[in-house]
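For reference, coords-v8.pdb is printed below; it contains PDB, C-alpha atoms, pLDDT in the B column.
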ATOM      1  CA  MET A   1       0.000   0.000   0.000  1.00 51.00           C
ATOM      2  CA  HIS A   2       1.295   3.397  -0.915  1.00 55.00           C
ATOM      3  CA  ALA A   3       1.600   6.075   1.742  1.00 55.00           C
ATOM      4  CA  SER A   4      -0.809   8.272  -0.201  1.00 55.00           C
ATOM      5  CA  ARG A   5      -3.567   5.679   0.198  1.00 59.00           C
ATOM      6  CA  ALA A   6      -2.950   5.386   3.930  1.00 58.00           C
ATOM      7  CA  ALA A   7      -3.508   9.117   4.349  1.00 66.00           C
ATOM      8  CA  GLY A   8      -7.105   9.015   3.149  1.00 80.00           C
ATOM      9  CA  PRO A   9     -10.204   9.786   5.185  1.00 81.00           C
ATOM     10  CA  ASP A  10      -8.979   7.745   8.150  1.00 84.00           C
ATOM     11  CA  GLY A  11      -5.695   9.615   8.216  1.00 86.00           C
ATOM     12  CA  ALA A  12      -7.506  12.939   8.011  1.00 86.00           C
ATOM     13  CA  ALA A  13      -9.777  11.961  10.897  1.00 84.00           C
ATOM     14  CA  VAL A  14      -6.841  10.861  13.048  1.00 88.00           C
ATOM     15  CA  GLY A  15      -4.918  14.006  12.141  1.00 90.00           C
ATOM     16  CA  GLY A  16      -7.899  16.159  13.050  1.00 88.00           C
ATOM     17  CA  LEU A  17      -8.325  14.397  16.383  1.00 87.00           C
ATOM     18  CA  VAL A  18      -4.624  14.812  17.166  1.00 91.00           C
ATOM     19  CA  ALA A  19      -4.754  18.509  16.260  1.00 93.00           C
ATOM     20  CA  ILE A  20      -7.796  19.060  18.486  1.00 92.00           C
ATOM     21  CA  GLY A  21      -6.199  17.114  21.332  1.00 93.00           C
ATOM     22  CA  VAL A  22      -2.879  18.944  21.157  1.00 96.00           C
ATOM     23  CA  GLY A  23      -4.552  22.345  20.919  1.00 96.00           C
ATOM     24  CA  ASP A  24      -6.921  21.584  23.785  1.00 97.00           C
ATOM     25  CA  PHE A  25      -4.093  20.215  25.934  1.00 97.00           C
ATOM     26  CA  GLY A  26      -2.100  23.412  25.331  1.00 97.00           C
ATOM     27  CA  HIS A  27      -5.137  25.475  26.261  1.00 97.00           C
ATOM     28  CA  ASN A  28      -5.644  23.468  29.455  1.00 97.00           C
ATOM     29  CA  LEU A  29      -1.973  23.908  30.354  1.00 98.00           C
ATOM     30  CA  ILE A  30      -2.322  27.676  29.992  1.00 98.00           C
ATOM     31  CA  GLN A  31      -5.489  27.712  32.119  1.00 97.00           C
ATOM     32  CA  GLU A  32      -3.968  25.549  34.885  1.00 97.00           C
ATOM     33  CA  ASN A  33      -3.511  27.275  38.260  1.00 97.00           C
ATOM     34  CA  TRP A  34       0.222  26.605  38.519  1.00 97.00           C
ATOM     35  CA  GLY A  35       0.750  28.785  41.599  1.00 97.00           C
ATOM     36  CA  ALA A  36      -1.765  26.793  43.621  1.00 97.00           C
ATOM     37  CA  ASP A  37      -0.322  23.482  42.377  1.00 97.00           C
ATOM     38  CA  TRP A  38       3.204  24.507  43.348  1.00 97.00           C
ATOM     39  CA  GLN A  39       2.122  25.892  46.704  1.00 98.00           C
ATOM     40  CA  GLN A  40       0.189  22.744  47.550  1.00 97.00           C
ATOM     41  CA  HIS A  41       2.600  20.100  46.176  1.00 97.00           C
ATOM     42  CA  GLY A  42       5.979  21.810  45.695  1.00 98.00           C
ATOM     43  CA  ALA A  43       7.634  22.662  42.386  1.00 97.00           C
ATOM     44  CA  VAL A  44       8.209  19.187  40.931  1.00 98.00           C
ATOM     45  CA  MET A  45       5.089  17.423  42.172  1.00 98.00           C
ATOM     46  CA  GLY A  46       2.994  20.537  41.520  1.00 98.00           C
ATOM     47  CA  THR A  47       4.177  20.571  37.915  1.00 98.00           C
ATOM     48  CA  LEU A  48       3.374  16.881  37.514  1.00 98.00           C
ATOM     49  CA  ASP A  49      -0.028  17.419  39.149  1.00 98.00           C
ATOM     50  CA  GLY A  50      -0.779  20.317  36.793  1.00 98.00           C
ATOM     51  CA  ILE A  51       0.215  18.306  33.732  1.00 98.00           C
ATOM     52  CA  GLY A  52      -1.904  15.372  34.899  1.00 98.00           C
ATOM     53  CA  ASP A  53      -4.870  17.637  35.578  1.00 98.00           C
ATOM     54  CA  SER A  54      -4.531  19.208  32.128  1.00 98.00           C
ATOM     55  CA  ALA A  55      -4.366  15.759  30.509  1.00 97.00           C
ATOM     56  CA  ALA A  56      -7.488  14.635  32.393  1.00 98.00           C
ATOM     57  CA  LYS A  57      -9.377  17.758  31.313  1.00 97.00           C
ATOM     58  CA  THR A  58      -8.289  17.172  27.710  1.00 97.00           C
ATOM     59  CA  GLY A  59      -9.587  13.601  27.866  1.00 96.00           C
ATOM     60  CA  GLN A  60     -12.924  14.860  29.217  1.00 96.00           C
ATOM     61  CA  ASP A  61     -13.121  17.486  26.473  1.00 95.00           C
ATOM     62  CA  ILE A  62     -12.475  14.918  23.733  1.00 93.00           C
ATOM     63  CA  ALA A  63     -15.073  12.573  25.243  1.00 94.00           C
ATOM     64  CA  ASN A  64     -17.580  15.436  25.265  1.00 94.00           C
ATOM     65  CA  ILE A  65     -16.829  16.182  21.606  1.00 91.00           C
ATOM     66  CA  GLY A  66     -17.484  12.519  20.798  1.00 90.00           C
ATOM     67  CA  LYS A  67     -20.799  12.634  22.677  1.00 92.00           C
ATOM     68  CA  ASP A  68     -21.793  15.828  20.866  1.00 90.00           C
ATOM     69  CA  ILE A  69     -20.975  14.287  17.481  1.00 88.00           C
ATOM     70  CA  TRP A  70     -22.915  11.137  18.338  1.00 89.00           C
ATOM     71  CA  HIS A  71     -25.881  13.231  19.530  1.00 88.00           C
ATOM     72  CA  GLY A  72     -25.759  15.220  16.270  1.00 88.00           C
ATOM     73  CA  ILE A  73     -25.764  12.039  14.200  1.00 87.00           C
ATOM     74  CA  GLY A  74     -28.592  10.599  16.277  1.00 87.00           C
ATOM     75  CA  SER A  75     -30.694  13.721  15.845  1.00 88.00           C
ATOM     76  CA  ILE A  76     -30.513  13.390  12.062  1.00 87.00           C
ATOM     77  CA  PHE A  77     -32.192  10.015  12.185  1.00 77.00           C
TER      78      PHE A  77
END
Using the file provided, produce a representation of the structure as structure tokens.
Amino acid sequence: MHASRAAGPDGAAVGGLVAIGVGDFGHNLIQENWGADWQQHGAVMGTLDGIGDSAAKTGQDIANIGKDIWHGIGSIF
């Protein structure tokens, strides 16, 4: 199989999901309350806690997008 065939609709969907996930994760990192994390857990553990919290929020956001898409498809039928 040529690489051009592998980058069809499936590749576009995966690429779109990755782009949304990366952008949302970056947004969640910016919105994280780093000062509170560091004050509560210290610099290293606070940073790890903030990254973990941002990753969890990103996962929730992607799940919500999936639910919204499924609801939209269901409302058509």
Report the centre and edge lengths, in Å to one decimal, of an axis-aligned box enclosing every atom of range 22-26 of chain A listed in the file, padded by 5 Å on each side, as AutoDock Vina command-line options.
--center_x -4.5 --center_y 21.2 --center_z 23.4 --size_x 14.8 --size_y 14.5 --size_z 15.0
Can you translate the PyMOL selection byres ((chain A and resi 47) around 12) into the concrete residues it hits in this file, as a list of chain:residue names?
A:Leu29, A:Glu32, A:Asn33, A:Trp34, A:Gly35, A:Ala36, A:Asp37, A:Trp38, A:Gln39, A:Gln40, A:His41, A:Gly42, A:Ala43, A:Val44, A:Met45, A:Gly46, A:Leu48, A:Asp49, A:Gly50, A:Ile51, A:Gly52, A:Asp53, A:Ser54
Could you dump the residues just selected with C-alpha atoms as a CSV table (one decimal), in the coordinates of the input?
chain,number,residue,atom,x,y,z
A,29,LEU,CA,-2.0,23.9,30.4
A,32,GLU,CA,-4.0,25.5,34.9
A,33,ASN,CA,-3.5,27.3,38.3
A,34,TRP,CA,0.2,26.6,38.5
A,35,GLY,CA,0.8,28.8,41.6
A,36,ALA,CA,-1.8,26.8,43.6
A,37,ASP,CA,-0.3,23.5,42.4
A,38,TRP,CA,3.2,24.5,43.3
A,39,GLN,CA,2.1,25.9,46.7
A,40,GLN,CA,0.2,22.7,47.6
A,41,HIS,CA,2.6,20.1,46.2
A,42,GLY,CA,6.0,21.8,45.7
A,43,ALA,CA,7.6,22.7,42.4
A,44,VAL,CA,8.2,19.2,40.9
A,45,MET,CA,5.1,17.4,42.2
A,46,GLY,CA,3.0,20.5,41.5
A,48,LEU,CA,3.4,16.9,37.5
A,49,ASP,CA,0.0,17.4,39.1
A,50,GLY,CA,-0.8,20.3,36.8
A,51,ILE,CA,0.2,18.3,33.7
A,52,GLY,CA,-1.9,15.4,34.9
A,53,ASP,CA,-4.9,17.6,35.6
A,54,SER,CA,-4.5,19.2,32.1
Using Å and a single decimal, report how far CA of Leu17 in chain A sits from CA of Ala56 in chain A.
16.0 Å
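Every protein, DNA or RNA residue with an atom at most 12 Å from Val22 in chain A, where all atoms listed in the file count and chain neighbours fewer than 5 positions away do not, is listed here: Gly15, Gly16, Leu17, His27, Asn28, Leu29, Ser54, Ala55, Thr58, Gly59, Asp61 and Ile62 of chain A.
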Rounded to one decimal, what separation in Å do you get between CA of Ile20 in chain A and CA of Ala63 in chain A?
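Interatomic distance, CA of Ile20 in chain A to CA of Ala63 in chain A: 11.9 Å.
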Would you work out the distance separating CA of Ala19 in chain A from CA of Gly66 in chain A, expressed in Å to one decimal?
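These two atoms are separated by 14.8 Å.
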So, counting all atoms listed in the file, which residue among A:Asp10, A:Gln31, A:Asp24, A:Phe77 is closest to Ile65 in chain A?
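Using all atoms listed in the file, the shortest distance to Ile65 in chain A belongs to A:Asp24.
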Pick from A:Gly21, A:Gly74, A:Gly26, A:Pro9, whichever lies nearest to Gln60 in chain A using only C-alpha atoms:
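Counting only C-alpha atoms, the residue closest to Gln60 in chain A is A:Gly21.
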